[in-house]
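J.: My structure file coords.txt, compact mmCIF, C-alpha atoms, is below:
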# COMPACT_ATOMS: atom_id res chain seq x y z
CA HIS A 1 7.49 25.12 36.66
CA ASN A 2 9.75 22.88 34.61
CA ALA A 3 8.66 23.05 30.97
CA SER A 4 11.50 25.42 30.02
CA ASN A 5 14.16 27.32 31.95
CA ASN A 6 16.57 30.14 31.11
CA ILE A 7 15.27 30.99 27.63
CA THR A 8 15.71 34.33 25.83
CA ILE A 9 13.39 35.33 22.97
CA ALA A 10 14.72 38.55 21.47
CA ASP A 11 14.45 40.76 18.37
CA ASN A 12 11.96 38.63 16.46
CA TYR A 13 9.07 39.65 14.22
CA THR A 14 5.91 37.54 14.05
CA GLU A 15 2.91 38.16 11.80
CA ASN A 16 -0.33 36.31 11.09
CA THR A 17 0.00 33.55 13.69
CA TYR A 18 -2.98 31.30 14.42
CA THR A 19 -2.58 31.71 18.20
CA SER A 20 0.06 33.60 20.21
CA GLY A 21 2.96 35.32 18.53
CA ILE A 22 5.02 34.37 21.60
CA GLY A 23 3.68 31.91 24.19
CA VAL A 24 5.21 30.72 27.46
CA TRP A 25 3.63 27.99 29.59
CA GLU A 26 4.79 26.44 32.89
CA SER A 27 8.29 27.86 32.62
CA LYS A 28 10.84 29.83 34.63
CA ASN A 29 13.51 32.45 33.93
CA ILE A 30 12.19 33.54 30.54
CA PHE A 31 13.33 36.80 28.91
CA ILE A 32 11.27 38.32 26.08
CA TYR A 33 13.02 41.40 24.68
CA GLY A 34 12.56 43.69 21.69
CA ASN A 35 10.11 41.65 19.61
CA GLU A 36 7.35 42.93 17.33
CA ILE A 37 4.09 40.96 17.31
CA THR A 38 1.29 41.72 14.87
CA GLU A 39 -1.83 39.90 13.62
CA ALA A 40 -1.55 37.26 16.35
CA CYS A 41 -4.49 34.99 17.24
CA ASN A 42 -5.64 35.17 13.65
CA GLY A 43 -8.16 32.35 13.77
CA GLY A 44 -7.38 30.90 17.19
CA ALA A 45 -7.39 31.71 20.89
CA GLN A 46 -4.76 32.96 23.41
CA GLU A 47 -3.08 36.40 23.23
CA SER A 48 -0.39 38.20 21.24
CA ILE A 49 2.14 37.56 24.02
CA THR A 50 0.97 34.87 26.47
CA ILE A 51 2.63 34.15 29.82
CA SER A 52 0.80 31.29 31.56
CA ASP A 53 1.58 29.55 34.87
CA SER A 54 5.19 30.77 34.75
CA SER A 55 7.57 32.66 37.04
CA GLU A 56 10.58 34.99 36.90
CA VAL A 57 9.65 36.31 33.47
CA GLU A 58 10.66 39.63 31.91
CA VAL A 59 8.63 41.10 29.02
CA ILE A 60 10.58 44.21 28.03
CA GLY A 61 10.69 46.56 25.06
CA ASN A 62 8.27 44.74 22.76
CA GLU A 63 5.79 46.26 20.32
CA VAL A 64 2.42 44.49 20.16
CA HIS A 65 -0.31 45.68 17.81
CA HIS A 66 -3.18 44.87 15.42
CA ASN A 67 -4.44 41.46 16.54
CA GLY A 68 -6.14 39.17 14.02
CA TYR A 69 -9.68 37.86 13.69
CA THR A 70 -10.76 34.79 15.64
CA GLU A 71 -12.86 31.91 14.34
CA LEU A 72 -14.32 31.58 17.84
CA ASP A 73 -16.48 34.64 17.18
CA SER A 74 -16.66 36.03 13.68
CA ASN A 75 -17.68 39.44 15.01
CA HIS A 76 -14.57 40.00 17.11
CA PHE A 77 -10.84 40.15 16.90
CA GLY A 78 -8.80 37.63 18.89
CA GLY A 79 -6.53 37.89 21.88
CA GLU A 80 -5.39 40.58 24.30
CA GLY A 81 -2.06 42.30 23.71
CA ILE A 82 0.02 40.96 26.63
CA ASP A 83 -1.55 38.49 29.08
CA ILE A 84 0.02 37.37 32.38
CA LYS A 85 -2.27 34.58 33.48
CA GLU A 86 -3.07 31.31 35.26
CA GLY A 87 -1.01 31.75 38.41
CA SER A 88 2.05 33.44 36.94
CA PHE A 89 4.21 35.27 39.49
CA GLU A 90 7.34 37.40 39.69
CA VAL A 91 6.73 38.87 36.24
CA SER A 92 7.87 42.26 34.93
CA VAL A 93 6.15 43.95 31.97
CA ILE A 94 8.24 47.02 31.21
CA ASN A 95 8.76 49.51 28.36
CA ASN A 96 6.38 47.82 25.93
CA TYR A 97 4.28 49.61 23.31
CA VAL A 98 0.84 48.00 23.06
CA HIS A 99 -1.47 49.68 20.59
CA ASP A 100 -4.41 49.13 18.24
CA ILE A 101 -5.48 45.83 19.81
CA HIS A 102 -9.02 45.62 18.42
CA ASP A 103 -11.87 44.68 20.79
CA ARG A 104 -9.49 43.43 23.47
CA VAL A 105 -7.49 44.64 26.49
CA GLY A 106 -3.98 46.01 25.98
CA ILE A 107 -2.29 44.44 29.04
CA TYR A 108 -4.20 41.83 31.05
CA ILE A 109 -3.46 40.04 34.33
CA ASP A 110 -5.77 37.10 35.03
CA ALA A 111 -4.95 34.75 37.91
CA TRP A 112 -7.62 32.31 36.68
CA ASP A 113 -7.76 29.45 39.24
CA LYS A 114 -4.26 29.85 40.73
CA ASP A 115 -2.78 32.57 42.93
CA SER A 116 -0.73 35.30 41.22
CA ARG A 117 1.65 37.72 42.94
CA GLU A 118 4.51 40.14 42.46
CA ILE A 119 3.70 41.47 39.00
CA THR A 120 5.06 44.82 37.83
CA ILE A 121 3.59 46.76 34.90
CA SER A 122 5.78 49.82 34.42
CA ASN A 123 6.76 52.39 31.79
CA ASN A 124 4.52 50.93 29.11
CA ARG A 125 2.61 52.85 26.45
CA VAL A 126 -0.89 51.38 26.15
CA ILE A 127 -2.64 53.37 23.46
CA ASN A 128 -5.70 53.21 21.20
CA ASN A 129 -6.89 49.72 22.14
CA GLY A 130 -10.47 48.58 21.57
CA HIS A 131 -11.23 47.67 25.19
CA SER A 132 -9.65 48.85 28.47
CA GLY A 133 -5.97 49.68 28.59
CA ILE A 134 -4.82 47.61 31.59
CA VAL A 135 -7.04 45.09 33.43
CA VAL A 136 -6.37 42.99 36.54
CA ALA A 137 -8.87 40.17 37.11
CA SER A 138 -9.31 36.62 38.31
CA GLU A 139 -11.90 34.81 36.25
CA CYS A 140 -11.85 31.49 38.12
CA GLY A 141 -11.11 32.17 41.82
CA GLY A 142 -7.33 32.64 42.04
CA ASN A 143 -6.12 35.34 44.45
CA ILE A 144 -3.90 38.25 43.41
CA ASP A 145 -1.35 40.02 45.61
CA ASN A 146 1.27 42.74 45.20
CA ILE A 147 0.65 44.37 41.82
CA ILE A 148 2.62 47.49 40.88
CA THR A 149 1.30 49.56 37.97
CA SER A 150 3.47 52.65 37.60
CA HIS A 151 4.71 55.23 35.11
CA ASN A 152 2.52 53.93 32.28
CA GLU A 153 0.91 56.06 29.57
CA VAL A 154 -2.64 54.74 29.14
CA ILE A 155 -4.26 56.81 26.42
CA ASN A 156 -7.33 56.71 24.17
CA ASN A 157 -8.54 53.22 25.01
CA ALA A 158 -12.20 52.40 24.34
CA TYR A 159 -13.27 51.67 27.94
CA SER A 160 -11.40 52.20 31.23
CA GLY A 161 -7.80 53.26 31.46
CA ILE A 162 -7.14 50.77 34.29
CA HIS A 163 -9.77 48.31 35.53
CA ILE A 164 -9.57 46.19 38.69
CA ALA A 165 -12.24 43.75 37.64
CA GLY A 166 -14.58 41.47 39.54
CA TYR A 167 -15.97 39.34 36.76
CA ASN A 168 -15.94 35.54 36.61
CA ASN A 169 -15.91 33.18 33.67
CA PRO A 170 -19.64 32.35 33.43
CA ASP A 171 -19.13 28.95 31.82
CA GLU A 172 -16.29 27.42 33.80
CA CYS A 173 -16.34 29.25 37.16
CA PRO A 174 -19.71 30.97 37.64
CA ASN A 175 -19.51 31.03 41.46
CA ALA A 176 -15.80 31.66 41.98
CA THR A 177 -14.63 34.33 44.44
CA SER A 178 -11.20 35.94 44.28
CA PHE A 179 -9.41 38.25 46.70
CA MET A 180 -7.04 41.04 45.68
CA SER A 181 -4.59 42.88 47.92
CA ASN A 182 -1.69 45.32 47.88
CA PHE A 183 -2.10 47.20 44.62
CA TYR A 184 0.02 50.27 43.87
CA LEU A 185 -1.27 52.38 40.99
CA GLU A 186 1.15 55.28 40.93
CA ASN A 187 2.62 57.90 38.59
CA ASN A 188 0.52 56.85 35.59
CA THR A 189 -0.73 59.21 32.89
CA ILE A 190 -4.30 58.21 32.01
CA ARG A 191 -5.89 60.31 29.29
CA GLY A 192 -8.77 60.20 26.85
CA ASN A 193 -10.14 56.76 27.77
CA GLY A 194 -13.80 55.71 27.67
CA HIS A 195 -14.78 57.10 24.27
CA ARG A 196 -16.81 53.99 23.34
CA ILE A 197 -18.63 53.33 26.63
CA LEU A 198 -22.02 54.69 25.64
CA ALA A 199 -22.18 52.88 22.32
CA ASP A 200 -21.17 49.56 23.93
CA ASP A 201 -22.89 50.05 27.33
CA GLU A 202 -19.60 49.63 29.20
CA ASP A 203 -17.81 51.40 32.05
CA GLY A 204 -15.02 53.85 31.41
CA GLY A 205 -13.01 56.52 33.15
CA ALA A 206 -9.44 56.59 34.35
CA PHE A 207 -9.94 53.81 36.90
CA ASN A 208 -12.79 51.34 37.20
CA ILE A 209 -12.92 49.19 40.35
CA SER A 210 -15.55 46.45 40.39
CA ASN A 211 -14.12 43.75 42.66
CA LEU A 212 -15.59 43.92 46.18
CA ASN A 213 -12.97 41.62 47.74
CA ILE A 214 -10.00 43.96 47.78
CA TYR A 215 -7.93 45.86 50.32
CA ASN A 216 -4.88 48.08 50.51
CA ILE A 217 -5.20 49.77 47.14
CA HIS A 218 -2.98 52.84 46.70
CA ILE A 219 -3.87 55.29 43.92
CA ALA A 220 -1.34 58.11 44.05
CA TYR A 221 0.60 60.67 42.00
CA ASN A 222 -1.36 59.89 38.82
CA THR A 223 -2.43 62.39 36.17
CA PHE A 224 -5.96 61.97 34.80
CA SER A 225 -7.49 64.03 32.01
CA ASP A 226 -10.31 63.85 29.47
CA ASN A 227 -11.55 60.40 30.48
CA VAL A 228 -15.24 59.61 29.92
CA THR A 229 -17.36 57.94 32.60
CA ARG A 230 -21.07 57.37 33.18
CA TYR A 231 -20.70 57.74 36.96
CA THR A 232 -20.62 60.74 39.28
CA THR A 233 -19.56 59.36 42.65
CA ALA A 234 -17.66 60.88 45.52
CA LEU A 235 -14.50 59.52 43.98
CA ALA A 236 -15.18 60.48 40.38
CA TYR A 237 -13.37 63.81 40.68
CA ASN A 238 -10.26 61.93 41.73
CA GLY A 239 -10.23 59.92 38.52
CA ILE A 240 -12.15 56.89 39.78
CA SER A 241 -14.84 55.78 37.36
CA LYS A 242 -16.77 53.42 39.58
CA VAL A 243 -16.51 52.14 43.12
CA ASP A 244 -19.35 49.77 43.98
CA SER A 245 -21.73 51.12 46.61
CA GLN A 246 -21.00 48.10 48.79
CA ILE A 247 -17.42 49.28 49.24
CA SER A 248 -17.45 51.80 52.07
CA THR A 249 -13.96 51.71 53.57
CA TRP A 250 -11.96 54.15 51.49
CA SER A 251 -9.91 57.20 52.27
CA VAL A 252 -9.12 60.33 50.31
CA ASN A 253 -6.13 62.01 51.92
CA SER A 254 -3.50 64.47 50.79
CA ASP A 255 -0.91 62.97 53.14
CA SER A 256 1.32 60.70 51.09
CA GLN A 257 2.79 59.16 54.26
CA ILE A 258 -0.46 57.45 55.22
CA GLU A 259 0.07 54.06 56.88
CA PRO A 260 -1.75 50.98 55.53
CA SER A 261 -4.41 49.27 57.60
CA ASP A 262 -6.60 46.23 56.98
CA GLU A 263 -9.59 48.41 57.79
CA LEU A 264 -8.96 50.73 54.85
CA LYS A 265 -9.40 49.45 51.36
CA PHE A 266 -8.38 52.54 49.40
CA TYR A 267 -5.71 55.18 49.79
CA ILE A 268 -6.19 57.92 47.21
CA TYR A 269 -3.85 60.88 47.40
CA ASP A 270 -1.84 63.44 45.47
CA ASN A 271 -3.47 62.80 42.09
CA ASN A 272 -3.96 65.49 39.45
CA ALA A 273 -7.30 65.33 37.62
CA THR A 274 -8.45 67.73 34.90
CA ASN A 275 -11.35 67.86 32.44
In structure tokens, what does this structure look like?
T.:
Amino acid sequence: HNASNNITIADNYTENTYTSGIGVWESKNIFIYGNEITEACNGGAQESITISDSSEVEVIGNEVHHNGYTELDSNHFGGEGIDIKEGSFEVSVINNYVHDIHDRVGIYIDAWDKDSREITISNNRVINNGHSGIVVASECGGNIDNIITSHNEVINNAYSGIHIAGYNNPDECPNATSFMSNFYLENNTIRGNGHRILADDEDGGAFNISNLNIYNIHIAYNTFSDNVTRYTTALAYNGISKVDSQISTWSVNSDSQIEPSDELKFYIYDNNATN
């Protein structure tokens, strides 16, 4: 990564940008603090805040809201709220307020075709977005390792609160396979998500897990309430919307000191689910 190094972008306001309000590509040691981004991707692609193929990045204390329309599809708005993508690693997304992102994900991690690792999503408010609140995916075969999602408020998003996704880009990487490991989804408040799943034929619930190639996923100390799902599985009462029937190695245990093992894919303990 050598495009830019040691750059701070702080206390700016952007409105009605054709692509990203703030975009970082192939860079290192980038600090994005206290900005407000609105009506980004108004006509073009990318996301409101885009971090692509970069490392040692901090995205802290920004407000991201109300994305613009895209010419790529006249029926949809453009761009996720915050996207950490294309092999980015050692990235922190902390204390941001991401809300009212129409038709798109609030906070998105997408490895694409490169490996991503060591990404922290913590203490964010992800509210009232028109897709899922937080999504981790790899659309083109890159692997993902060591993701911490903690102390976030994920509320009133149209589909899932948090989705560990298994979808590929059908045009560019239809046969790609990605592997995900060492996820820690802890101390999140996930409430009122999934209200649009029936109308749009989508999945919802607090958590939605649809990638088969995962292991060592810890879901602990979270509070789930009033999330809507179409599924009633053995894990649904614990806040899990969907676990594919091909995934059989999971554990529900009240012992928070459980030791990881390659033979167990899920550790689900000490969560509080209501309604």
J.: Got a sec: who's within 12 Å of Gly166 in chain A, counting all atoms listed in the file, leaving out chain neighbours fewer than 2 positions off, as number ranges by chain?
T.: A: 110-112, 135-144, 163-164, 168-169, 174-180, 208-214, 243-244
J.: Which residues are close to His66 in chain A, i.e. within 9 Å by all atoms listed in the file, leaving aside same-chain residues fewer than 4 positions away? Reply as an NGL selection string.
T.: :A and (37-40 or 81 or 99-102)
J.: Rounded to one decimal in Å, what is the spacing between CA of Ile219 in chain A and CA of Glu80 in chain A?
T.: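 Value for the CA of Ile219 in chain A-CA of Glu80 in chain A distance: 24.6 Å.
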J.: Determine, counting all atoms listed in the file, which protein, DNA and RNA residues have an atom within 12 Å of an atom of Ile155 in chain A; residues of the same chain fewer than 2 positions away are not included. Present the result as a ChimeraX atom specification.
T.: /A:97-100,106,124-134,152-153,157-162,188-195,205-206,223-228
J.: Nearest to Asn95 in chain A among A:Ser54, A:Asn62, A:Asn42, A:Thr19, with distances taken over all atoms listed in the file: which residue is it?
T.: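 Selected residue with least distance to Asn95 in chain A: A:Asn62.
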J.: Which one of A:Val59, A:Ile84, A:Ile51, A:Ile217 sits closest to Tyr184 in chain A if you count only C-alpha atoms?
T.: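 Checking each of A:Val59, A:Ile84, A:Ile51, A:Ile217 against Tyr184 in chain A, counting only C-alpha atoms, the winner is A:Ile217.
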